[in-house]
There are 2 protein chains.
Amino acid sequence: MATTGMDLKEKIRDIPDFPQKGILFRDITPLLRDPLALDCVVDRFHQYYRDKNIQVVAAIEARGYILGSPLALRLGAGFVPVRKPGKLPYKTISQEYSLEYGVNTLEIHADAVNKGERVLILDDLIATGGSAAATSRLVEKLGGVVAGFGFMIELTFLKGREVLKGHDVYTIIQY
Amino acid sequence: MATTGMDLKEKIRDIPDFPQKGILFRDITPLLRDPLALDCVVDRFHQYYRDKNIQVVAAIEARGYILGSPLALRLGAGFVPVRKPGKLPYKTISQEYSLEYGVNTLEIHADAVNKGERVLILDDLIATGGSAAATSRLVEKLGGVVAGFGFMIELTFLKGREVLKGHDVYTIIQY
């Protein structure tokens, strides 16, 4: 692709104090709005994962779906949505994780991953790593193998990577 | 693609009484889990829209993203997420729509669509058409042109198509 050298950070908009005071939110919607930029991101993921025998891409609701679905298609892998509670209609398993204040829960369908399948966990951004770590527990409870974690953006100062240690973590843009 | 003749309905699971008693929910997760089936759906959309000069794909949270993002990439169009209230970080406009009981709201970024741009509105399923019609109002408020509506599944008995009349509506699977 001629887009390999594209400056993706130029396509990300900083929004101060969202969703709450003191947080600098990285808004990816200008990047999504640019077909070449979105293609560049999916292509970077594809180049990295194409030889890693990924059978399933498990993406985290909702922005993870925007990157996870085209990546799954390019890899010839299945797509699995990881969702907030009460959204998945079939039998589910769930996993709580801690936030700065309180807890959140993620769910996956009980038949989403087969024993031994190699699963890539994908989201748009890694902050503290809580939702990604919870997803890895869901995959492992189903007997899947966590083949790696992919994020478009890494907020390095939050050290989410340490929560996922022992696994391969690939990120495209770092702050 | 060799998948043109694939029976996609076989990949959709019926869940009675979800999310509430009396509703037969069409669960698309087995289809998403099958790379050939997901590719077939995106390919069908692509074949239909490839010559219709689509500049933007506006997809509705959250399942709409799973189909809208790979379609936008194949069409060389921009991807725009339409979201539930409070999720988009930049300036937004919003539109309410009626449900059987109560109202819901959808939001779009105020700079998501440029005047005169041709926008395809995409979701996984059309039921009564309320969320799709609300999205078309958001697009038109921004000066965009609604070039059509695409849905993987149409629940024909709910007559959502009538709510969108005057527009092109393309669906792949009908019940």
# chains A, B, ... in the order shown; residues from 1 in each chain; ligands from 1
>>> select_by_dssp(residues="chain B", states="helix (DSSP H, G or I)", output="MDAnalysis selection string")
chainID B and resid 8:11 29:33 35:49 63:75 130:141 156:158 160:163
>>> select_by_dssp(residues="region 66-173 of chain A", states="strand (DSSP E)", output="PyMOL selection string")
chain A and resi 78-82+92-98+103-109+118-126+145-154+169-173
>>> closest_residue(among="B:Leu31, B:Val119, B:Ala133, B:Leu155", to="Val80 (chain A)", atoms="only C-alpha atoms")
B:Leu31
>>> atom_distance(atom1="CA of Glu154 (chain B)", atom2="CA of Thr92 (chain B)")
29.0 Å
>>> residues_around(residues="Ala37 (chain A)", least_positions_apart="3", cutoff="8 Å", atoms="only C-alpha atoms", output="list in words")
Thr3, Met6, Leu8, Lys11, Leu31, Leu32, Asp34, Cys40 and Val41 of chain A
>>> write_last_selection(atoms="all heavy atoms", output="CSV table (one decimal), in the first residue's frame")
chain,number,residue,atom,x,y,z
A,3,THR,N,0.1,3.8,1.4
A,3,THR,CA,-0.3,4.5,2.6
A,3,THR,C,0.6,4.2,3.8
A,3,THR,O,0.4,4.7,4.9
A,3,THR,CB,-1.8,4.2,3.0
A,3,THR,OG1,-1.9,2.8,3.1
A,3,THR,CG2,-2.7,4.7,2.0
A,6,MET,N,1.8,7.0,5.9
A,6,MET,CA,0.8,8.0,6.3
A,6,MET,C,0.9,8.3,7.8
A,6,MET,O,1.2,7.5,8.7
A,6,MET,CB,-0.6,7.4,6.1
A,6,MET,CG,-1.7,8.3,6.5
A,6,MET,SD,-3.3,7.5,6.0
A,6,MET,CE,-3.6,8.2,4.4
A,8,LEU,N,-0.8,8.8,10.8
A,8,LEU,CA,-2.1,8.5,11.3
A,8,LEU,C,-2.5,9.4,12.5
A,8,LEU,O,-3.6,9.7,12.7
A,8,LEU,CB,-2.1,7.0,11.8
A,8,LEU,CG,-2.0,6.0,10.6
A,8,LEU,CD1,-1.9,4.6,11.2
A,8,LEU,CD2,-3.2,6.1,9.7
A,11,LYS,N,-4.7,12.2,12.0
A,11,LYS,CA,-6.2,11.9,11.7
A,11,LYS,C,-6.9,11.7,13.1
A,11,LYS,O,-8.1,11.3,13.0
A,11,LYS,CB,-6.3,10.7,10.9
A,11,LYS,CG,-5.6,10.8,9.5
A,11,LYS,CD,-6.4,11.6,8.6
A,11,LYS,CE,-5.7,11.8,7.3
A,11,LYS,NZ,-6.4,12.7,6.4
A,31,LEU,N,-10.2,9.7,11.5
A,31,LEU,CA,-9.4,8.6,10.9
A,31,LEU,C,-10.4,7.7,10.2
A,31,LEU,O,-10.2,7.3,9.0
A,31,LEU,CB,-8.6,7.9,11.9
A,31,LEU,CG,-7.6,6.8,11.4
A,31,LEU,CD1,-6.4,6.7,12.4
A,31,LEU,CD2,-8.3,5.5,11.2
A,32,LEU,N,-11.5,7.3,10.9
A,32,LEU,CA,-12.5,6.4,10.3
A,32,LEU,C,-13.1,7.0,9.0
A,32,LEU,O,-13.5,6.3,8.1
A,32,LEU,CB,-13.6,6.1,11.3
A,32,LEU,CG,-13.1,5.5,12.6
A,32,LEU,CD1,-14.3,5.3,13.5
A,32,LEU,CD2,-12.4,4.1,12.4
A,34,ASP,N,-11.7,8.8,6.8
A,34,ASP,CA,-10.8,8.9,5.7
A,34,ASP,C,-10.5,7.4,5.2
A,34,ASP,O,-9.8,6.7,5.9
A,34,ASP,CB,-9.5,9.5,6.2
A,34,ASP,CG,-8.4,9.6,5.2
A,34,ASP,OD1,-8.4,8.8,4.2
A,34,ASP,OD2,-7.6,10.5,5.3
A,40,CYS,N,-5.2,1.9,5.9
A,40,CYS,CA,-3.8,1.8,6.3
A,40,CYS,C,-3.8,1.0,7.7
A,40,CYS,O,-2.9,0.2,7.9
A,40,CYS,CB,-3.3,3.2,6.5
A,40,CYS,SG,-1.6,3.2,7.2
A,41,VAL,N,-4.7,1.4,8.6
A,41,VAL,CA,-4.7,0.7,9.9
A,41,VAL,C,-5.0,-0.8,9.8
A,41,VAL,O,-4.3,-1.6,10.3
A,41,VAL,CB,-5.8,1.4,10.8
A,41,VAL,CG1,-6.0,0.6,12.1
A,41,VAL,CG2,-5.3,2.8,11.2
>>> atom_distance(atom1="CA of Leu125 (chain B)", atom2="CA of Val57 (chain A)")
22.4 Å
>>> interface_residues(of="chain A", to="chain B", cutoff="9 Å", atoms="only C-alpha atoms", output="PyMOL selection string")
chain A and resi 13+15+18-19+25-27+29-36+38-39+56+61-63+65-73+75-81+86-90+109+112
>>> write_last_selection(atoms="C-alpha atoms", output="CSV table (one decimal), in the first residue's frame")
chain,number,residue,atom,x,y,z
A,13,ARG,CA,-8.5,14.6,17.2
A,15,ILE,CA,-10.8,16.3,23.0
A,18,PHE,CA,-14.1,13.9,27.8
A,19,PRO,CA,-15.8,11.8,29.1
A,25,PHE,CA,-9.9,11.7,24.8
A,26,ARG,CA,-8.4,10.5,21.5
A,27,ASP,CA,-11.2,10.8,19.0
A,29,THR,CA,-13.7,9.5,14.0
A,30,PRO,CA,-11.6,11.7,11.6
A,31,LEU,CA,-9.4,8.6,10.9
A,32,LEU,CA,-12.5,6.4,10.3
A,33,ARG,CA,-13.9,9.1,8.0
A,34,ASP,CA,-10.8,8.9,5.7
A,35,PRO,CA,-10.9,5.7,3.6
A,36,LEU,CA,-7.1,5.6,3.1
A,38,LEU,CA,-8.8,3.3,7.8
A,39,ASP,CA,-7.4,1.0,5.1
A,56,VAL,CA,-10.9,-15.9,15.5
A,61,GLU,CA,-17.9,-3.3,21.9
A,62,ALA,CA,-18.3,-0.9,20.1
A,63,ARG,CA,-15.3,0.8,18.5
A,65,TYR,CA,-15.9,-3.8,15.9
A,66,ILE,CA,-15.0,-1.1,13.4
A,67,LEU,CA,-11.4,-2.5,13.1
A,68,GLY,CA,-12.0,-6.1,14.1
A,69,SER,CA,-14.5,-7.0,11.4
A,70,PRO,CA,-12.5,-5.9,8.3
A,71,LEU,CA,-9.4,-7.5,9.9
A,72,ALA,CA,-11.2,-10.8,10.4
A,73,LEU,CA,-12.2,-10.7,6.8
A,75,LEU,CA,-7.3,-12.8,7.8
A,76,GLY,CA,-10.0,-15.3,6.8
A,77,ALA,CA,-10.9,-15.6,10.5
A,78,GLY,CA,-14.2,-15.7,12.3
A,79,PHE,CA,-15.5,-12.5,14.0
A,80,VAL,CA,-16.7,-12.7,17.6
A,81,PRO,CA,-18.4,-9.7,19.3
A,86,GLY,CA,-27.6,-8.2,28.4
A,87,LYS,CA,-26.9,-7.6,24.7
A,88,LEU,CA,-26.0,-11.1,23.5
A,89,PRO,CA,-29.1,-13.2,23.0
A,90,TYR,CA,-27.8,-16.8,23.4
A,109,HIS,CA,-21.4,-16.3,23.8
A,112,ALA,CA,-18.2,-18.3,20.4
>>> residues_around(residues="Thr171 (chain A)", least_positions_apart="2", cutoff="7 Å", atoms="only C-alpha atoms", output="compact mmCIF listing (two decimals) with N, CA and C atoms, in the first residue's frame")
# COMPACT_ATOMS: atom_id res chain seq x y z
N GLY A 150 -4.31 -6.82 19.90
CA GLY A 150 -4.03 -5.73 18.97
C GLY A 150 -4.86 -4.50 19.29
N PHE A 151 -4.19 -3.35 19.29
CA PHE A 151 -4.88 -2.07 19.55
C PHE A 151 -4.35 -1.04 18.56
N MET A 152 -5.22 -0.22 18.02
CA MET A 152 -4.74 0.85 17.15
C MET A 152 -3.94 1.85 17.95
N ILE A 153 -4.43 2.22 19.14
CA ILE A 153 -3.80 3.27 19.97
C ILE A 153 -3.40 2.68 21.32
N GLU A 154 -2.21 3.04 21.76
CA GLU A 154 -1.74 2.65 23.10
C GLU A 154 -1.43 3.91 23.90
N VAL A 169 1.58 -8.19 22.41
CA VAL A 169 0.71 -6.99 22.31
C VAL A 169 1.26 -6.13 21.18
N ILE A 173 -0.23 3.09 17.06
CA ILE A 173 0.00 4.50 17.41
C ILE A 173 0.19 4.58 18.92
>>> atom_distance(atom1="CA of Lys141 (chain A)", atom2="CA of Glu162 (chain A)")
21.2 Å
>>> residues_around(residues="Leu158 (chain A)", least_positions_apart="2", cutoff="8 Å", atoms="only C-alpha atoms", output="number ranges by chain")
A: 127-128, 155-156, 160
>>> decode(residues="region 95-118 of chain A", atoms="N, CA and C atoms", output="PDB file, in the first residue's frame")
ATOM      1  N   GLN A  95     -17.497 -11.751  32.597  1.00  0.00           N
ATOM      2  CA  GLN A  95     -16.286 -11.475  33.370  1.00  0.00           C
ATOM      3  C   GLN A  95     -16.320 -10.016  33.815  1.00  0.00           C
ATOM      4  N   GLU A  96     -16.167  -9.807  35.105  1.00  0.00           N
ATOM      5  CA  GLU A  96     -16.068  -8.438  35.627  1.00  0.00           C
ATOM      6  C   GLU A  96     -14.632  -7.946  35.554  1.00  0.00           C
ATOM      7  N   TYR A  97     -14.476  -6.635  35.510  1.00  0.00           N
ATOM      8  CA  TYR A  97     -13.150  -6.037  35.650  1.00  0.00           C
ATOM      9  C   TYR A  97     -13.286  -4.701  36.345  1.00  0.00           C
ATOM     10  N   SER A  98     -12.193  -4.283  36.976  1.00  0.00           N
ATOM     11  CA  SER A  98     -12.232  -3.072  37.795  1.00  0.00           C
ATOM     12  C   SER A  98     -11.948  -1.830  36.967  1.00  0.00           C
ATOM     13  N   LEU A  99     -12.660  -0.782  37.267  1.00  0.00           N
ATOM     14  CA  LEU A  99     -12.365   0.550  36.747  1.00  0.00           C
ATOM     15  C   LEU A  99     -11.815   1.370  37.901  1.00  0.00           C
ATOM     16  N   GLU A 100     -11.441   2.610  37.618  1.00  0.00           N
ATOM     17  CA  GLU A 100     -10.933   3.475  38.683  1.00  0.00           C
ATOM     18  C   GLU A 100     -11.970   3.560  39.810  1.00  0.00           C
ATOM     19  N   TYR A 101     -13.243   3.730  39.399  1.00  0.00           N
ATOM     20  CA  TYR A 101     -14.338   3.699  40.371  1.00  0.00           C
ATOM     21  C   TYR A 101     -15.348   2.664  39.902  1.00  0.00           C
ATOM     22  N   GLY A 102     -15.487   1.578  40.669  1.00  0.00           N
ATOM     23  CA  GLY A 102     -16.505   0.585  40.338  1.00  0.00           C
ATOM     24  C   GLY A 102     -16.024  -0.522  39.419  1.00  0.00           C
ATOM     25  N   VAL A 103     -16.979  -1.303  38.908  1.00  0.00           N
ATOM     26  CA  VAL A 103     -16.654  -2.427  38.027  1.00  0.00           C
ATOM     27  C   VAL A 103     -17.514  -2.388  36.771  1.00  0.00           C
ATOM     28  N   ASN A 104     -16.986  -2.970  35.704  1.00  0.00           N
ATOM     29  CA  ASN A 104     -17.733  -3.224  34.469  1.00  0.00           C
ATOM     30  C   ASN A 104     -17.755  -4.721  34.218  1.00  0.00           C
ATOM     31  N   THR A 105     -18.624  -5.130  33.306  1.00  0.00           N
ATOM     32  CA  THR A 105     -18.722  -6.543  32.947  1.00  0.00           C
ATOM     33  C   THR A 105     -18.725  -6.677  31.425  1.00  0.00           C
ATOM     34  N   LEU A 106     -18.071  -7.711  30.929  1.00  0.00           N
ATOM     35  CA  LEU A 106     -18.141  -8.050  29.512  1.00  0.00           C
ATOM     36  C   LEU A 106     -18.668  -9.473  29.359  1.00  0.00           C
ATOM     37  N   GLU A 107     -19.334  -9.722  28.241  1.00  0.00           N
ATOM     38  CA  GLU A 107     -19.902 -11.045  27.974  1.00  0.00           C
ATOM     39  C   GLU A 107     -19.480 -11.553  26.599  1.00  0.00           C
ATOM     40  N   ILE A 108     -19.496 -12.887  26.482  1.00  0.00           N
ATOM     41  CA  ILE A 108     -19.226 -13.548  25.204  1.00  0.00           C
ATOM     42  C   ILE A 108     -20.178 -14.732  25.118  1.00  0.00           C
ATOM     43  N   HIS A 109     -20.581 -15.088  23.913  1.00  0.00           N
ATOM     44  CA  HIS A 109     -21.421 -16.276  23.764  1.00  0.00           C
ATOM     45  C   HIS A 109     -20.640 -17.530  24.166  1.00  0.00           C
ATOM     46  N   ALA A 110     -21.333 -18.438  24.828  1.00  0.00           N
ATOM     47  CA  ALA A 110     -20.689 -19.658  25.342  1.00  0.00           C
ATOM     48  C   ALA A 110     -20.149 -20.542  24.221  1.00  0.00           C
ATOM     49  N   ASP A 111     -20.669 -20.377  22.991  1.00  0.00           N
ATOM     50  CA  ASP A 111     -20.181 -21.188  21.861  1.00  0.00           C
ATOM     51  C   ASP A 111     -19.346 -20.364  20.873  1.00  0.00           C
ATOM     52  N   ALA A 112     -18.852 -19.223  21.337  1.00  0.00           N
ATOM     53  CA  ALA A 112     -18.161 -18.313  20.408  1.00  0.00           C
ATOM     54  C   ALA A 112     -16.784 -18.816  20.003  1.00  0.00           C
ATOM     55  N   VAL A 113     -16.145 -19.566  20.880  1.00  0.00           N
ATOM     56  CA  VAL A 113     -14.771 -20.026  20.637  1.00  0.00           C
ATOM     57  C   VAL A 113     -14.710 -21.526  20.927  1.00  0.00           C
ATOM     58  N   ASN A 114     -14.070 -22.267  20.035  1.00  0.00           N
ATOM     59  CA  ASN A 114     -13.892 -23.712  20.254  1.00  0.00           C
ATOM     60  C   ASN A 114     -12.564 -23.974  20.955  1.00  0.00           C
ATOM     61  N   LYS A 115     -12.514 -25.108  21.633  1.00  0.00           N
ATOM     62  CA  LYS A 115     -11.292 -25.477  22.366  1.00  0.00           C
ATOM     63  C   LYS A 115     -10.085 -25.465  21.433  1.00  0.00           C
ATOM     64  N   GLY A 116      -9.037 -24.821  21.863  1.00  0.00           N
ATOM     65  CA  GLY A 116      -7.792 -24.820  21.108  1.00  0.00           C
ATOM     66  C   GLY A 116      -7.703 -23.780  20.004  1.00  0.00           C
ATOM     67  N   GLU A 117      -8.777 -23.098  19.721  1.00  0.00           N
ATOM     68  CA  GLU A 117      -8.715 -22.082  18.656  1.00  0.00           C
ATOM     69  C   GLU A 117      -7.850 -20.900  19.075  1.00  0.00           C
ATOM     70  N   ARG A 118      -7.151 -20.363  18.086  1.00  0.00           N
ATOM     71  CA  ARG A 118      -6.257 -19.229  18.329  1.00  0.00           C
ATOM     72  C   ARG A 118      -7.015 -17.926  18.087  1.00  0.00           C
TER      73      ARG A 118
END
